[in-house]
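**Q** Structure in structure tokens, see below.
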Amino acid sequence: MNPKRRRLLAAGAVSAIAGASFAACVLAQTPEQVIHITARKFAFLPGEITLKQGVPVVLEFVTADVVMGFSAPDFKARADIIPGQVARVRLVPQQIGSFDFVCDIFCGDGHEGMSGKIHVVA
Ligand SMILES: [Cu+2]
């Protein structure tokens, strides 16, 4: 490798490191919004949430009774919600619209109707 090319590569590595630390700094200053959702027979509370397009959020789930599931196929997101634990799902909504999510673990007679909506706005 000639010395000129080696210098160029070194400069690229330095700016990549500087870029990474800048990104880490921004992340530290703007923590992702956390939305708390409680699953109980047979509803999610809140049942509708509104997110901003392109803005990452973390959904934190707890269950008030039995094991539940969270599934939002449009976001390729799902989680088991287990009593005594917090289930976390990170989303970066890309598409504007209203999307369904459901409980995907049978939790009793009202399970089939246990669903909610995610609204994504600009
Ligand atoms: Cu269920």
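Following the order of the structure tokens, chains are lettered A, B, ..., residues in each are numbered from 1, and ligands are numbered from 1.
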Please give me, as a PDB file with N, CA and C atoms, in the first residue's frame, the residues lying within 6 Å of ligand 1 when counting only C-alpha atoms and all ligand atoms.
**A**
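The resulting file, pocket_20.pdb, is reproduced below:
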```pdb
ATOM      1  N   MET A  68     -49.385 -12.884  28.437  1.00  0.00           N
ATOM      2  CA  MET A  68     -49.992 -12.308  27.242  1.00  0.00           C
ATOM      3  C   MET A  68     -48.917 -12.219  26.159  1.00  0.00           C
ATOM      4  N   CYS A 103     -53.005  -9.440  20.982  1.00  0.00           N
ATOM      5  CA  CYS A 103     -52.451 -10.435  21.893  1.00  0.00           C
ATOM      6  C   CYS A 103     -52.384 -11.739  21.108  1.00  0.00           C
ATOM      7  N   ASP A 104     -51.208 -12.350  21.068  1.00  0.00           N
ATOM      8  CA  ASP A 104     -51.067 -13.574  20.284  1.00  0.00           C
ATOM      9  C   ASP A 104     -50.782 -14.803  21.151  1.00  0.00           C
ATOM     10  N   ILE A 105     -51.100 -14.686  22.447  1.00  0.00           N
ATOM     11  CA  ILE A 105     -51.024 -15.866  23.314  1.00  0.00           C
ATOM     12  C   ILE A 105     -52.401 -16.039  23.947  1.00  0.00           C
ATOM     13  N   PHE A 106     -52.987 -17.212  23.758  1.00  0.00           N
ATOM     14  CA  PHE A 106     -54.344 -17.418  24.264  1.00  0.00           C
ATOM     15  C   PHE A 106     -54.381 -17.162  25.765  1.00  0.00           C
ATOM     16  N   CYS A 107     -55.290 -16.242  26.175  1.00  0.00           N
ATOM     17  CA  CYS A 107     -55.311 -15.838  27.577  1.00  0.00           C
ATOM     18  C   CYS A 107     -56.699 -15.959  28.198  1.00  0.00           C
ATOM     19  N   HIS A 111     -59.874 -13.512  24.530  1.00  0.00           N
ATOM     20  CA  HIS A 111     -58.582 -13.346  23.854  1.00  0.00           C
ATOM     21  C   HIS A 111     -58.722 -12.865  22.413  1.00  0.00           C
TER      22      HIS A 111
END
```
**Q** Just the residues within 10 Å of A:Gly110, please, counting only C-alpha atoms, with nothing from its chain fewer than 5 positions along; format it as a VMD selection string.
**A** chain A and resid 41 to 43
**Q** Using only C-alpha atoms, which protein or nucleic acid residues come within 6 Å of A:Ser71? Drop anything in the same chain fewer than 5 positions from it, and give the result as a list in words.
**A**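 Final neighbour list, sorted by chain and number: Ala77, Arg78, Phe101 and Val102 of chain A.
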**Q** I need the residues from that last selection saved to file as a PDB file, in the first residue's frame (with C-alpha atoms), if you can.
**A**
```
ATOM      1  CA  ALA A  77     -42.534  -6.679  16.386  1.00  0.00           C
ATOM      2  CA  ARG A  78     -43.651  -9.115  19.039  1.00  0.00           C
ATOM      3  CA  PHE A 101     -51.630  -5.034  17.250  1.00  0.00           C
ATOM      4  CA  VAL A 102     -52.998  -8.074  19.022  1.00  0.00           C
TER       5      VAL A 102
END
```
**Q** Write out as a PyMOL selection string each polymer residue whose atoms come within 6 Å of A:Ile118, counting only C-alpha atoms; drop sequence neighbours fewer than 3 positions from it.
**A** chain A and resi 48-50+98-99
**Q** Only C-alpha atoms, please: the residues just picked out, written as a PDB file, in the first residue's frame.
**A**
```pdb
ATOM      1  CA  GLU A  48     -54.327   3.170  21.100  1.00  0.00           C
ATOM      2  CA  ILE A  49     -50.976   4.877  20.866  1.00  0.00           C
ATOM      3  CA  THR A  50     -49.754   7.576  18.518  1.00  0.00           C
ATOM      4  CA  SER A  98     -53.030   3.072  11.546  1.00  0.00           C
ATOM      5  CA  PHE A  99     -51.870  -0.440  12.325  1.00  0.00           C
TER       6      PHE A  99
END
```
**Q** When you look at A:Phe75 with a cut-off of 8 Å (counting only C-alpha atoms), what residues show up, excluding the ones that are within fewer than 2 positions of it in the same chain? I need them as a PDB file with N, CA and C atoms, in the first residue's frame.
**A**
```pdb
ATOM      1  N   ALA A  72     -47.307  -6.967  16.598  1.00  0.00           N
ATOM      2  CA  ALA A  72     -47.635  -5.908  15.639  1.00  0.00           C
ATOM      3  C   ALA A  72     -46.945  -6.278  14.325  1.00  0.00           C
ATOM      4  N   PRO A  73     -47.634  -7.078  13.501  1.00  0.00           N
ATOM      5  CA  PRO A  73     -46.984  -7.631  12.307  1.00  0.00           C
ATOM      6  C   PRO A  73     -46.465  -6.568  11.350  1.00  0.00           C
ATOM      7  N   ALA A  77     -42.854  -6.784  14.965  1.00  0.00           N
ATOM      8  CA  ALA A  77     -42.534  -6.679  16.386  1.00  0.00           C
ATOM      9  C   ALA A  77     -43.438  -7.607  17.184  1.00  0.00           C
ATOM     10  N   LEU A  91     -39.346   0.259  18.497  1.00  0.00           N
ATOM     11  CA  LEU A  91     -39.925   0.481  17.169  1.00  0.00           C
ATOM     12  C   LEU A  91     -39.386   1.775  16.579  1.00  0.00           C
ATOM     13  N   PRO A  93     -41.131   3.658  13.658  1.00  0.00           N
ATOM     14  CA  PRO A  93     -42.213   3.603  12.664  1.00  0.00           C
ATOM     15  C   PRO A  93     -41.825   4.329  11.385  1.00  0.00           C
TER      16      PRO A  93
END
```
**Q** Which one is closest to A:Val121: A:Leu51, A:Val67, A:Ile82, A:Ala87? Count only C-alpha atoms.
**A**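 Closest candidate: A:Leu51.
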**Q** Record the distance separating atom CA of A:Ala64 and atom CA of A:Pro83, expressed in Å with one decimal.
**A**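 About the pair atom CA of A:Ala64 and atom CA of A:Pro83: they are 7.1 Å apart.
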**Q** For atom CA of A:Gln94 and atom CA of A:His119, determine how far apart the two atoms are, in Å to one decimal place.
**A**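 The value is 11.4 Å.
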